[in-house]
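Peer 1: Provided herewith: my_file09.tsv, TSV, C-alpha atoms (C1' of nucleotides).
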chain	number	residue	atom	x	y	z
P	1	MET	CA	18.51	3.40	-36.17
P	2	LYS	CA	18.25	6.92	-37.50
P	3	LEU	CA	19.63	9.99	-35.84
P	4	SER	CA	17.08	12.72	-35.29
P	5	THR	CA	17.34	16.32	-36.44
P	6	ARG	CA	18.31	17.22	-32.88
P	7	GLY	CA	21.53	15.28	-33.23
P	8	ARG	CA	22.24	16.58	-36.70
P	9	TYR	CA	21.53	20.26	-36.18
P	10	GLY	CA	22.99	20.28	-32.70
P	11	LEU	CA	26.24	18.62	-33.65
P	12	LYS	CA	26.79	20.89	-36.61
P	13	ALA	CA	26.16	23.89	-34.40
P	14	MET	CA	28.87	22.56	-32.08
P	15	VAL	CA	31.28	22.34	-34.99
P	16	ASP	CA	30.48	25.95	-35.78
P	17	LEU	CA	31.32	26.83	-32.19
P	18	ALA	CA	34.55	24.87	-32.51
P	19	LEU	CA	35.47	26.89	-35.60
P	20	ALA	CA	34.77	30.09	-33.66
P	21	TYR	CA	36.59	28.91	-30.55
P	22	GLY	CA	38.86	31.57	-29.07
P	23	GLY	CA	36.83	34.42	-30.53
P	24	GLY	CA	33.77	35.96	-28.93
P	25	PRO	CA	30.44	34.25	-28.28
P	26	VAL	CA	28.26	33.23	-31.21
P	27	SER	CA	24.57	34.07	-31.29
P	28	THR	CA	21.85	31.52	-32.01
P	29	ALA	CA	20.78	33.71	-34.88
P	30	SER	CA	24.09	33.21	-36.64
P	31	LEU	CA	24.26	29.49	-35.81
P	32	ALA	CA	20.73	28.96	-37.08
P	33	ALA	CA	21.29	30.93	-40.25
P	34	GLN	CA	24.14	28.67	-41.35
P	35	GLN	CA	21.94	25.60	-41.28
P	36	GLY	CA	18.63	26.97	-42.40
P	37	VAL	CA	16.89	25.98	-39.20
P	38	SER	CA	14.71	28.19	-37.05
P	39	GLU	CA	16.41	30.13	-34.34
P	40	ALA	CA	13.90	29.01	-31.73
P	41	TYR	CA	14.43	25.35	-32.43
P	42	LEU	CA	18.20	25.54	-32.45
P	43	GLU	CA	18.03	27.46	-29.21
P	44	GLN	CA	16.40	24.46	-27.55
P	45	LEU	CA	19.23	22.23	-28.64
P	46	ILE	CA	21.94	24.61	-27.51
P	47	SER	CA	20.11	25.07	-24.25
P	48	ALA	CA	20.32	21.33	-23.58
P	49	LEU	CA	24.03	21.40	-24.34
P	50	ARG	CA	24.47	24.27	-21.94
P	51	LYS	CA	22.67	22.44	-19.14
P	52	ALA	CA	24.95	19.49	-19.78
P	53	GLY	CA	27.95	21.78	-19.34
P	54	LEU	CA	29.27	21.55	-22.88
P	55	VAL	CA	28.73	25.19	-23.78
P	56	THR	CA	28.68	28.41	-21.83
P	57	SER	CA	26.42	31.35	-22.52
P	58	SER	CA	26.71	35.07	-22.15
P	59	ARG	CA	23.51	37.06	-22.07
P	60	GLY	CA	22.58	40.46	-23.33
P	61	ALA	CA	23.53	42.33	-26.46
P	62	GLN	CA	26.59	40.86	-28.22
P	63	GLY	CA	26.04	37.72	-26.16
P	64	GLY	CA	25.84	34.18	-27.40
P	65	TYR	CA	27.37	30.78	-26.86
P	66	ALA	CA	30.84	29.31	-26.74
P	67	LEU	CA	32.35	25.91	-26.07
P	68	SER	CA	33.08	25.40	-22.40
P	69	ARG	CA	36.24	23.42	-23.20
P	70	PRO	CA	38.73	23.36	-26.09
P	71	PRO	CA	37.39	21.49	-29.14
P	72	GLU	CA	39.92	18.70	-28.76
P	73	GLU	CA	38.52	17.90	-25.32
P	74	ILE	CA	34.93	17.44	-26.42
P	75	ASN	CA	34.05	14.27	-28.23
P	76	VAL	CA	31.09	13.54	-30.43
P	77	GLY	CA	29.71	10.90	-28.11
P	78	GLU	CA	29.15	13.39	-25.31
P	79	ILE	CA	27.31	15.73	-27.62
P	80	LEU	CA	25.05	13.14	-29.19
P	81	ARG	CA	24.27	11.62	-25.82
P	82	VAL	CA	22.88	14.96	-24.70
P	83	LEU	CA	20.97	15.66	-27.88
P	84	GLU	CA	19.60	12.19	-28.55
P	85	GLY	CA	19.19	11.05	-24.96
P	86	SER	CA	21.44	8.09	-25.57
P	87	THR	CA	23.64	6.69	-28.27
P	88	THR	CA	22.87	3.04	-27.66
P	89	VAL	CA	21.29	1.00	-30.37
P	90	ILE	CA	19.29	-0.92	-27.81
P	91	ASP	CA	18.69	-0.18	-24.14
P	92	CYS	CA	20.17	-3.28	-22.60
P	93	VAL	CA	23.73	-2.59	-23.80
P	94	GLY	CA	24.09	0.82	-22.19
P	95	SER	CA	26.18	1.55	-19.13
P	96	GLU	CA	22.99	2.48	-17.30
P	97	ARG	CA	22.30	-1.21	-16.79
P	98	VAL	CA	18.75	-1.24	-18.03
P	99	HIS	CA	17.52	-4.57	-16.83
P	100	CYS	CA	16.81	-7.24	-19.40
P	101	ASP	CA	15.68	-10.37	-17.65
P	102	ASN	CA	16.87	-12.76	-20.31
P	103	ALA	CA	20.15	-11.08	-21.15
P	104	CYS	CA	22.15	-14.22	-20.55
P	105	SER	CA	19.95	-16.27	-22.86
P	106	CYS	CA	19.38	-13.66	-25.58
P	107	SER	CA	20.50	-14.91	-28.95
P	108	ALA	CA	21.09	-11.39	-30.23
P	109	ARG	CA	23.02	-9.99	-27.30
P	110	PRO	CA	26.54	-10.78	-28.59
P	111	LEU	CA	25.69	-8.95	-31.79
P	112	TRP	CA	24.34	-5.88	-30.01
P	113	LEU	CA	27.41	-5.71	-27.81
P	114	LYS	CA	29.76	-5.91	-30.76
P	115	LEU	CA	27.81	-3.35	-32.75
P	116	GLN	CA	27.64	-0.95	-29.85
P	117	ALA	CA	31.36	-1.31	-29.17
P	118	ARG	CA	32.18	-0.24	-32.73
P	119	ILE	CA	29.83	2.70	-32.53
P	120	ASN	CA	31.22	3.84	-29.18
P	121	GLU	CA	34.72	3.59	-30.58
P	122	VAL	CA	33.97	6.06	-33.35
P	123	LEU	CA	32.01	8.41	-31.12
P	124	SER	CA	34.57	8.52	-28.34
P	125	THR	CA	37.62	8.93	-30.53
P	126	THR	CA	36.26	11.74	-32.69
P	127	SER	CA	36.56	15.20	-31.19
P	128	LEU	CA	35.12	18.50	-32.29
P	129	LYS	CA	38.62	19.50	-33.28
P	130	ASP	CA	38.80	16.55	-35.66
P	131	MET	CA	35.56	17.61	-37.26
P	132	ALA	CA	36.54	21.25	-37.48
P	133	ASP	CA	39.88	20.30	-39.06
P	134	ASP	CA	38.17	18.07	-41.62
P	135	TYR	CA	35.84	20.89	-42.46
P	136	LYS	CA	38.62	23.41	-42.91
P	137	ILE	CA	40.45	21.12	-45.32
P	138	GLN	CA	37.24	20.47	-47.19
P	139	THR	CA	36.43	24.12	-47.71
P	140	GLU	CA	40.01	25.03	-48.57
P	141	ARG	CA	39.89	22.45	-51.33
P	142	ALA	CA	36.62	23.88	-52.58
P	143	VAL	CA	38.14	27.33	-52.67
P	144	GLU	CA	41.10	26.14	-54.77
P	145	LYS	CA	38.71	25.01	-57.45
P	146	GLN	CA	36.93	28.36	-57.50
P	147	PRO	CA	38.17	31.38	-59.43
P	148	PRO	CA	40.15	33.61	-57.06
P	149	ALA	CA	38.03	35.95	-55.00
P	150	LEU	CA	38.10	39.62	-55.86
P	151	GLN	CA	40.56	41.59	-53.80
P	152	GLN	CA	39.23	44.66	-52.07
K	1	MET	CA	19.55	5.63	-33.00
K	2	LYS	CA	17.48	2.88	-31.44
K	3	LEU	CA	16.46	-0.30	-33.16
K	4	SER	CA	12.72	-0.94	-33.10
K	5	THR	CA	10.99	-4.04	-31.81
K	6	ARG	CA	10.61	-5.13	-35.42
K	7	GLY	CA	14.34	-5.53	-35.75
K	8	ARG	CA	14.72	-7.18	-32.38
K	9	TYR	CA	11.88	-9.68	-32.57
K	10	GLY	CA	12.39	-10.38	-36.23
K	11	LEU	CA	16.09	-11.05	-35.96
K	12	LYS	CA	15.67	-13.35	-33.00
K	13	ALA	CA	13.00	-15.26	-34.91
K	14	MET	CA	15.50	-15.68	-37.72
K	15	VAL	CA	18.03	-17.11	-35.28
K	16	ASP	CA	15.36	-19.57	-34.17
K	17	LEU	CA	14.87	-20.55	-37.79
K	18	ALA	CA	18.63	-20.96	-38.13
K	19	LEU	CA	18.66	-23.31	-35.16
K	20	ALA	CA	15.86	-25.31	-36.76
K	21	TYR	CA	17.46	-25.29	-40.20
K	22	GLY	CA	17.34	-28.68	-41.89
K	23	GLY	CA	14.27	-29.81	-39.95
K	24	GLY	CA	10.69	-29.10	-40.93
K	25	PRO	CA	9.03	-25.69	-41.11
K	26	VAL	CA	8.44	-23.73	-37.89
K	27	SER	CA	5.08	-22.11	-37.17
K	28	THR	CA	4.65	-18.50	-36.08
K	29	ALA	CA	2.97	-19.83	-32.96
K	30	SER	CA	6.13	-21.55	-31.86
K	31	LEU	CA	8.38	-18.66	-32.88
K	32	ALA	CA	6.19	-16.20	-31.02
K	33	ALA	CA	5.96	-18.32	-27.89
K	34	GLN	CA	9.73	-18.29	-27.43
K	35	GLN	CA	9.88	-14.51	-27.29
K	36	GLY	CA	6.66	-13.66	-25.54
K	37	VAL	CA	5.39	-11.62	-28.44
K	38	SER	CA	1.98	-11.95	-30.06
K	39	GLU	CA	1.65	-14.33	-32.93
K	40	ALA	CA	-0.11	-11.77	-35.09
K	41	TYR	CA	2.64	-9.23	-34.69
K	42	LEU	CA	5.45	-11.64	-35.36
K	43	GLU	CA	3.57	-12.84	-38.42
K	44	GLN	CA	3.84	-9.39	-39.93
K	45	LEU	CA	7.57	-9.39	-39.48
K	46	ILE	CA	8.05	-12.84	-40.93
K	47	SER	CA	5.78	-11.90	-43.80
K	48	ALA	CA	8.10	-9.04	-44.68
K	49	LEU	CA	11.07	-11.37	-44.57
K	50	ARG	CA	9.28	-13.79	-46.85
K	51	LYS	CA	8.48	-11.06	-49.38
K	52	ALA	CA	12.15	-10.14	-49.31
K	53	GLY	CA	13.06	-13.73	-50.12
K	54	LEU	CA	14.85	-14.55	-46.90
K	55	VAL	CA	12.40	-17.18	-45.72
K	56	THR	CA	10.08	-19.61	-47.47
K	57	SER	CA	6.66	-20.59	-46.25
K	58	SER	CA	4.50	-23.66	-46.50
K	59	ARG	CA	0.81	-23.14	-45.96
K	60	GLY	CA	-1.77	-25.33	-44.34
K	61	ALA	CA	-1.58	-27.66	-41.41
K	62	GLN	CA	1.94	-28.54	-40.28
K	63	GLY	CA	3.09	-25.59	-42.32
K	64	GLY	CA	5.34	-22.80	-41.22
K	65	TYR	CA	8.49	-20.99	-42.18
K	66	ALA	CA	12.07	-21.93	-42.95
K	67	LEU	CA	15.19	-20.08	-44.06
K	68	SER	CA	15.45	-19.88	-47.81
K	69	ARG	CA	19.22	-20.26	-47.66
K	70	PRO	CA	21.71	-21.86	-45.26
K	71	PRO	CA	22.30	-19.75	-42.13
K	72	GLU	CA	25.89	-19.02	-43.10
K	73	GLU	CA	24.69	-17.34	-46.28
K	74	ILE	CA	22.36	-14.87	-44.61
K	75	ASN	CA	23.87	-11.93	-42.84
K	76	VAL	CA	22.36	-9.70	-40.23
K	77	GLY	CA	22.45	-6.63	-42.42
K	78	GLU	CA	20.07	-8.13	-44.95
K	79	ILE	CA	17.62	-9.02	-42.24
K	80	LEU	CA	17.66	-5.70	-40.44
K	81	ARG	CA	17.40	-3.82	-43.69
K	82	VAL	CA	14.11	-5.59	-44.38
K	83	LEU	CA	12.74	-5.18	-40.88
K	84	GLU	CA	13.85	-1.63	-40.20
K	85	GLY	CA	13.59	-0.27	-43.71
K	86	SER	CA	17.23	0.71	-43.67
K	87	THR	CA	20.26	0.38	-41.45
K	88	THR	CA	21.71	3.78	-42.12
K	89	VAL	CA	22.16	6.21	-39.32
K	90	ILE	CA	21.29	9.08	-41.61
K	91	ASP	CA	19.73	9.05	-45.06
K	92	CYS	CA	22.51	10.73	-47.01
K	93	VAL	CA	25.08	7.98	-46.39
K	94	GLY	CA	23.04	5.15	-47.86
K	95	SER	CA	23.72	3.51	-51.18
K	96	GLU	CA	20.36	4.77	-52.39
K	97	ARG	CA	21.92	8.18	-52.95
K	98	VAL	CA	19.38	10.24	-51.14
K	99	HIS	CA	20.18	13.69	-52.30
K	100	CYS	CA	21.68	16.10	-49.81
K	101	ASP	CA	22.35	19.39	-51.49
K	102	ASN	CA	25.19	20.41	-49.22
K	103	ALA	CA	26.91	17.06	-48.88
K	104	CYS	CA	30.25	18.40	-49.97
K	105	SER	CA	30.14	21.22	-47.48
K	106	CYS	CA	28.59	19.35	-44.55
K	107	SER	CA	30.81	19.47	-41.50
K	108	ALA	CA	29.38	16.24	-40.13
K	109	ARG	CA	29.56	14.13	-43.27
K	110	PRO	CA	33.00	12.59	-42.65
K	111	LEU	CA	31.79	11.44	-39.24
K	112	TRP	CA	28.59	9.90	-40.59
K	113	LEU	CA	30.52	8.05	-43.26
K	114	LYS	CA	32.99	6.64	-40.77
K	115	LEU	CA	30.27	5.64	-38.32
K	116	GLN	CA	28.22	4.00	-41.03
K	117	ALA	CA	31.21	2.11	-42.35
K	118	ARG	CA	31.86	0.55	-38.92
K	119	ILE	CA	28.21	-0.39	-38.55
K	120	ASN	CA	28.06	-1.93	-42.01
K	121	GLU	CA	31.18	-3.90	-41.26
K	122	VAL	CA	29.59	-5.60	-38.27
K	123	LEU	CA	26.26	-6.18	-39.99
K	124	SER	CA	27.72	-7.64	-43.15
K	125	THR	CA	30.25	-9.92	-41.49
K	126	THR	CA	27.88	-11.48	-38.98
K	127	SER	CA	25.79	-14.34	-40.31
K	128	LEU	CA	22.87	-16.19	-38.80
K	129	LYS	CA	25.19	-19.15	-38.37
K	130	ASP	CA	27.49	-17.03	-36.22
K	131	MET	CA	24.58	-16.03	-34.05
K	132	ALA	CA	23.22	-19.54	-33.78
K	133	ASP	CA	26.67	-20.88	-32.85
K	134	ASP	CA	27.12	-18.23	-30.17
K	135	TYR	CA	23.75	-19.13	-28.80
K	136	LYS	CA	24.48	-22.84	-28.67
K	137	ILE	CA	27.72	-22.25	-26.76
K	138	GLN	CA	25.91	-19.90	-24.41
K	139	THR	CA	23.20	-22.39	-23.55
K	140	GLU	CA	25.62	-25.29	-23.25
K	141	ARG	CA	27.57	-23.33	-20.68
K	142	ALA	CA	24.39	-22.59	-18.78
K	143	VAL	CA	23.58	-26.30	-18.74
K	144	GLU	CA	27.00	-27.19	-17.33
K	145	LYS	CA	26.35	-25.04	-14.32
K	146	GLN	CA	23.01	-26.74	-13.69
K	147	PRO	CA	22.64	-30.04	-11.85
K	148	PRO	CA	22.63	-32.84	-14.43
K	149	ALA	CA	19.27	-33.50	-16.03
K	150	LEU	CA	17.43	-36.66	-15.12
K	151	GLN	CA	18.08	-39.53	-17.49
K	152	GLN	CA	15.07	-41.26	-18.95
S	1	DT	C1'	16.28	52.70	-22.19
S	2	DA	C1'	16.01	50.01	-26.08
S	3	DA	C1'	17.87	46.33	-28.50
S	4	DA	C1'	19.76	42.01	-28.29
S	5	DT	C1'	19.91	37.89	-26.31
S	6	DC	C1'	19.10	33.94	-23.22
S	7	DC	C1'	15.55	31.04	-20.92
S	8	DA	C1'	11.33	28.25	-20.01
S	9	DA	C1'	7.20	26.14	-20.90
S	10	DA	C1'	3.29	24.99	-23.35
S	11	DC	C1'	1.27	23.64	-27.42
S	12	DC	C1'	0.63	21.42	-31.97
S	13	DA	C1'	0.59	18.55	-36.30
S	14	DA	C1'	2.47	14.76	-38.57
S	15	DT	C1'	4.65	10.50	-38.44
S	16	DT	C1'	6.10	6.24	-36.55
S	17	DT	C1'	5.67	2.44	-33.48
S	18	DG	C1'	3.68	-1.41	-31.71
S	19	DC	C1'	0.47	-3.60	-31.77
S	20	DT	C1'	-4.91	-5.89	-32.38
S	21	DA	C1'	-8.77	-7.86	-35.11
S	22	DG	C1'	-10.86	-10.34	-38.51
S	23	DG	C1'	-11.30	-13.04	-42.24
S	24	DA	C1'	-9.87	-15.63	-46.56
S	25	DA	C1'	-7.12	-19.24	-48.56
S	26	DT	C1'	-4.55	-23.50	-48.23
S	27	DT	C1'	-3.26	-28.07	-46.71
S	28	DG	C1'	-2.62	-32.24	-43.84
S	29	DT	C1'	-5.37	-35.41	-41.03
S	30	DT	C1'	-9.26	-38.12	-39.83
W	1	DA	C1'	-15.99	-34.76	-46.93
W	2	DA	C1'	-15.19	-32.45	-42.75
W	3	DC	C1'	-12.06	-30.29	-39.78
W	4	DA	C1'	-8.29	-28.25	-37.69
W	5	DA	C1'	-4.04	-26.03	-38.26
W	6	DT	C1'	-1.82	-22.88	-40.50
W	7	DT	C1'	-0.34	-19.04	-43.70
W	8	DC	C1'	-1.77	-14.76	-45.84
W	9	DC	C1'	-3.75	-10.20	-46.25
W	10	DT	C1'	-5.74	-5.86	-44.90
W	11	DA	C1'	-7.35	-2.49	-41.99
W	12	DG	C1'	-7.55	0.06	-37.89
W	13	DC	C1'	-5.88	2.24	-33.78
W	14	DA	C1'	-3.73	4.18	-29.40
W	15	DA	C1'	0.42	5.84	-27.66
W	16	DA	C1'	4.77	7.78	-28.27
W	17	DT	C1'	8.02	10.42	-30.78
W	18	DT	C1'	9.55	13.95	-33.86
W	19	DG	C1'	10.05	18.35	-35.35
W	20	DG	C1'	8.96	21.96	-34.67
W	21	DT	C1'	6.10	26.92	-33.34
W	22	DT	C1'	4.35	30.13	-30.09
W	23	DT	C1'	4.36	32.86	-26.23
W	24	DG	C1'	6.15	35.32	-22.71
W	25	DG	C1'	9.37	36.54	-20.07
W	26	DA	C1'	14.26	37.71	-17.64
W	27	DT	C1'	18.81	39.72	-18.26
W	28	DT	C1'	22.40	42.17	-19.94
W	29	DT	C1'	24.90	45.60	-22.50
W	30	DA	C1'	25.60	49.41	-26.06
Go through the file and emit its structure as structure tokens.

Peer 2:
Amino acid sequence: MKLSTRGRYGLKAMVDLALAYGGGPVSTASLAAQQGVSEAYLEQLISALRKAGLVTSSRGAQGGYALSRPPEEINVGEILRVLEGSTTVIDCVGSERVHCDNACSCSARPLWLKLQARINEVLSTTSLKDMADDYKIQTERAVEKQPPALQQ
Amino acid sequence: MKLSTRGRYGLKAMVDLALAYGGGPVSTASLAAQQGVSEAYLEQLISALRKAGLVTSSRGAQGGYALSRPPEEINVGEILRVLEGSTTVIDCVGSERVHCDNACSCSARPLWLKLQARINEVLSTTSLKDMADDYKIQTERAVEKQPPALQQ
DNA sequence: TAAATCCAAACCAATTTGCTAGGAATTGTT
DNA sequence: AACAATTCCTAGCAAATTGGTTTGGATTTA
């Protein structure tokens, strides 16, 4: 039931893009640096997100990536579905109708359906904006506790 | 985020034991036959559940396994935790306090906590009795739709 | 034209998954 | 006492997955 590093790194990179939304494109180098993951690996993840239409890219010097839509219009479920392949806890409860020949007599099916419904609820109602906002509040609070930064 | 076959087979075996609760012990052979899984493999799963104290065993001929407690006192979370090792979607949100050095600055942490809370809610409030009851209703309904069985 | 960047594909090591195989110990039945 | 049914224990193994690295471009812009 674990999420893989793809989901973790990739989602956090998307939050970074949400925080930078409106500004210029962000390079993989800078995204990777923030998480301590290799640029090449993160590039693979972002590339998948681009193919799925969630981010746009601009090539060449000063290029990079940006969200293709405003952060409030991208939810976590979409992102994780791309990165993890699927967000279902078991194949036979997905919308893709993976056939399970004894679905109607499976003693665990009601549980899987209920569990998946709760998961989907969280994933579909949380947007990148929500995450970015949470993060801003979090870091603001951390700053308050720090001694004031030196003024230039 | 997928559950493994351990969780699926093992949990369904536990439901079978719940349905047989009060009667004599059930052998792995009969548990395995119902799911079309090998006896040897299912044995490993049940063995883990026994070591965790969820089932009791009686050796020798006519032996087998039984729930160690009434079905309403065993919840799904306990079972899956044994079979899958853990039911957390990511290590740093478990009760085991796996250290994550940037927990307080992680932009995804609020999401993981929320997601995990919903999952835990389902797993801790669903008992084996609930599953067995659902299953009984399900099969009764199936029987209604069938032509009546021959009377002896 | 050189630096920065995206893009694609192959390759690799380690781990996990999903089993199989074999035998030892225990217990009810005959 | 013999035996058949059963749990119990351990080891091994092939395939898939994970978590990357490596290589080699292709493209764009300062």

Peer 1: Please give chain K as a compact mmCIF listing (two decimals) with C-alpha atoms, in the coordinates of the input, after it has been superposed on chain P by least squares over all Cα atoms paired in order.

Peer 2:
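Result file is result_1.txt:
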# COMPACT_ATOMS: atom_id res chain seq x y z
CA MET K 1 18.45 3.40 -36.12
CA LYS K 2 18.19 6.92 -37.46
CA LEU K 3 19.60 9.98 -35.78
CA SER K 4 17.05 12.73 -35.22
CA THR K 5 17.31 16.31 -36.37
CA ARG K 6 18.31 17.21 -32.83
CA GLY K 7 21.53 15.28 -33.19
CA ARG K 8 22.21 16.56 -36.67
CA TYR K 9 21.51 20.25 -36.13
CA GLY K 10 22.98 20.30 -32.67
CA LEU K 11 26.23 18.64 -33.63
CA LYS K 12 26.74 20.90 -36.61
CA ALA K 13 26.13 23.91 -34.38
CA MET K 14 28.84 22.59 -32.09
CA VAL K 15 31.24 22.37 -35.02
CA ASP K 16 30.42 25.99 -35.79
CA LEU K 17 31.27 26.86 -32.21
CA ALA K 18 34.52 24.92 -32.56
CA LEU K 19 35.41 26.96 -35.63
CA ALA K 20 34.70 30.14 -33.69
CA TYR K 21 36.55 28.97 -30.59
CA GLY K 22 38.79 31.65 -29.12
CA GLY K 23 36.71 34.50 -30.55
CA GLY K 24 33.66 36.02 -28.91
CA PRO K 25 30.36 34.27 -28.23
CA VAL K 26 28.15 33.24 -31.17
CA SER K 27 24.43 33.99 -31.18
CA THR K 28 21.75 31.42 -31.95
CA ALA K 29 20.67 33.67 -34.80
CA SER K 30 23.97 33.22 -36.54
CA LEU K 31 24.19 29.51 -35.76
CA ALA K 32 20.67 28.95 -37.05
CA ALA K 33 21.20 30.97 -40.21
CA GLN K 34 24.05 28.72 -41.33
CA GLN K 35 21.88 25.61 -41.26
CA GLY K 36 18.55 26.96 -42.36
CA VAL K 37 16.85 25.92 -39.16
CA SER K 38 14.67 28.12 -36.98
CA GLU K 39 16.35 30.06 -34.25
CA ALA K 40 13.83 28.94 -31.66
CA TYR K 41 14.39 25.29 -32.38
CA LEU K 42 18.15 25.50 -32.37
CA GLU K 43 17.94 27.41 -29.11
CA GLN K 44 16.36 24.40 -27.46
CA LEU K 45 19.20 22.20 -28.56
CA ILE K 46 21.89 24.59 -27.44
CA SER K 47 20.07 25.02 -24.16
CA ALA K 48 20.33 21.30 -23.53
CA LEU K 49 24.03 21.40 -24.31
CA ARG K 50 24.48 24.27 -21.90
CA LYS K 51 22.68 22.42 -19.10
CA ALA K 52 24.99 19.50 -19.77
CA GLY K 53 27.99 21.78 -19.35
CA LEU K 54 29.30 21.55 -22.88
CA VAL K 55 28.74 25.18 -23.77
CA THR K 56 28.69 28.41 -21.79
CA SER K 57 26.38 31.31 -22.44
CA SER K 58 26.57 35.04 -22.01
CA ARG K 59 23.28 36.86 -21.85
CA GLY K 60 22.28 40.25 -23.12
CA ALA K 61 23.29 42.17 -26.18
CA GLN K 62 26.37 40.83 -27.96
CA GLY K 63 25.87 37.67 -25.98
CA GLY K 64 25.77 34.16 -27.29
CA TYR K 65 27.32 30.77 -26.79
CA ALA K 66 30.82 29.34 -26.73
CA LEU K 67 32.36 25.93 -26.08
CA SER K 68 33.11 25.40 -22.43
CA ARG K 69 36.26 23.46 -23.26
CA PRO K 70 38.74 23.39 -26.16
CA PRO K 71 37.38 21.53 -29.21
CA GLU K 72 39.92 18.75 -28.85
CA GLU K 73 38.55 17.94 -25.41
CA ILE K 74 34.96 17.45 -26.48
CA ASN K 75 34.07 14.30 -28.31
CA VAL K 76 31.09 13.57 -30.47
CA GLY K 77 29.72 10.93 -28.14
CA GLU K 78 29.20 13.41 -25.33
CA ILE K 79 27.33 15.74 -27.61
CA LEU K 80 25.06 13.16 -29.18
CA ARG K 81 24.32 11.63 -25.83
CA VAL K 82 22.92 14.97 -24.67
CA LEU K 83 20.98 15.66 -27.84
CA GLU K 84 19.61 12.20 -28.49
CA GLY K 85 19.22 11.06 -24.91
CA SER K 86 21.48 8.11 -25.54
CA THR K 87 23.65 6.69 -28.27
CA THR K 88 22.87 3.06 -27.66
CA VAL K 89 21.27 1.01 -30.34
CA ILE K 90 19.29 -0.90 -27.76
CA ASP K 91 18.70 -0.14 -24.10
CA CYS K 92 20.22 -3.26 -22.57
CA VAL K 93 23.77 -2.56 -23.81
CA GLY K 94 24.12 0.84 -22.18
CA SER K 95 26.22 1.56 -19.14
CA GLU K 96 23.06 2.49 -17.27
CA ARG K 97 22.35 -1.20 -16.79
CA VAL K 98 18.81 -1.23 -17.99
CA HIS K 99 17.58 -4.54 -16.78
CA CYS K 100 16.87 -7.22 -19.34
CA ASP K 101 15.73 -10.35 -17.61
CA ASN K 102 16.94 -12.73 -20.28
CA ALA K 103 20.22 -11.06 -21.12
CA CYS K 104 22.23 -14.18 -20.56
CA SER K 105 20.02 -16.23 -22.81
CA CYS K 106 19.40 -13.64 -25.53
CA SER K 107 20.52 -14.89 -28.91
CA ALA K 108 21.08 -11.37 -30.21
CA ARG K 109 23.04 -9.97 -27.28
CA PRO K 110 26.54 -10.76 -28.60
CA LEU K 111 25.67 -8.92 -31.80
CA TRP K 112 24.33 -5.85 -30.01
CA LEU K 113 27.42 -5.68 -27.84
CA LYS K 114 29.75 -5.88 -30.81
CA LEU K 115 27.78 -3.32 -32.80
CA GLN K 116 27.64 -0.94 -29.87
CA ALA K 117 31.34 -1.29 -29.22
CA ARG K 118 32.17 -0.23 -32.80
CA ILE K 119 29.81 2.72 -32.58
CA ASN K 120 31.23 3.84 -29.25
CA GLU K 121 34.71 3.60 -30.66
CA VAL K 122 33.95 6.08 -33.42
CA LEU K 123 32.00 8.44 -31.18
CA SER K 124 34.57 8.55 -28.42
CA THR K 125 37.62 8.96 -30.64
CA THR K 126 36.25 11.77 -32.78
CA SER K 127 36.55 15.23 -31.28
CA LEU K 128 35.11 18.54 -32.36
CA LYS K 129 38.61 19.54 -33.38
CA ASP K 130 38.76 16.60 -35.77
CA MET K 131 35.50 17.66 -37.32
CA ALA K 132 36.48 21.30 -37.56
CA ASP K 133 39.81 20.36 -39.17
CA ASP K 134 38.11 18.13 -41.72
CA TYR K 135 35.76 20.94 -42.52
CA LYS K 136 38.52 23.48 -43.01
CA ILE K 137 40.36 21.18 -45.42
CA GLN K 138 37.13 20.52 -47.26
CA THR K 139 36.34 24.18 -47.78
CA GLU K 140 39.91 25.07 -48.69
CA ARG K 141 39.81 22.48 -51.43
CA ALA K 142 36.54 23.90 -52.69
CA VAL K 143 38.11 27.35 -52.82
CA GLU K 144 41.07 26.10 -54.86
CA LYS K 145 38.74 24.94 -57.57
CA GLN K 146 37.03 28.34 -57.70
CA PRO K 147 38.38 31.30 -59.65
CA PRO K 148 40.50 33.40 -57.29
CA ALA K 149 38.55 35.84 -55.16
CA LEU K 150 38.84 39.52 -55.92
CA GLN K 151 41.48 41.29 -53.89
CA GLN K 152 40.42 44.39 -52.03

Peer 1: Chain P residues within 10 Å of chain W, counting all atoms listed in the file: which ones, as a list in words?

Peer 2: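 Here they are: Ser4, Thr5, Arg6, Val37, Ser38, Ala40, Tyr41, Ser58, Arg59, Gly60, Ala61, Gln62 and Gly63 of chain P.
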
Peer 1: For C-alpha atoms, I'd like the residues from the last selection saved as an mmCIF file, keeping the file's coordinate frame.

Peer 2:
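Saved file part_30.cif follows:
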data_model
loop_
_atom_site.group_PDB
_atom_site.id
_atom_site.type_symbol
_atom_site.label_atom_id
_atom_site.label_comp_id
_atom_site.auth_asym_id
_atom_site.auth_seq_id
_atom_site.Cartn_x
_atom_site.Cartn_y
_atom_site.Cartn_z
ATOM 1 C CA SER P 4 17.080 12.720 -35.290
ATOM 2 C CA THR P 5 17.340 16.320 -36.440
ATOM 3 C CA ARG P 6 18.310 17.220 -32.880
ATOM 4 C CA VAL P 37 16.890 25.980 -39.200
ATOM 5 C CA SER P 38 14.710 28.190 -37.050
ATOM 6 C CA ALA P 40 13.900 29.010 -31.730
ATOM 7 C CA TYR P 41 14.430 25.350 -32.430
ATOM 8 C CA SER P 58 26.710 35.070 -22.150
ATOM 9 C CA ARG P 59 23.510 37.060 -22.070
ATOM 10 C CA GLY P 60 22.580 40.460 -23.330
ATOM 11 C CA ALA P 61 23.530 42.330 -26.460
ATOM 12 C CA GLN P 62 26.590 40.860 -28.220
ATOM 13 C CA GLY P 63 26.040 37.720 -26.160
#

Peer 1: So how many Å separate CA of Gly53 (chain P) and CA of Leu67 (chain P), to one decimal?

Peer 2: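 Computing it gives 9.0 Å between the two atoms.
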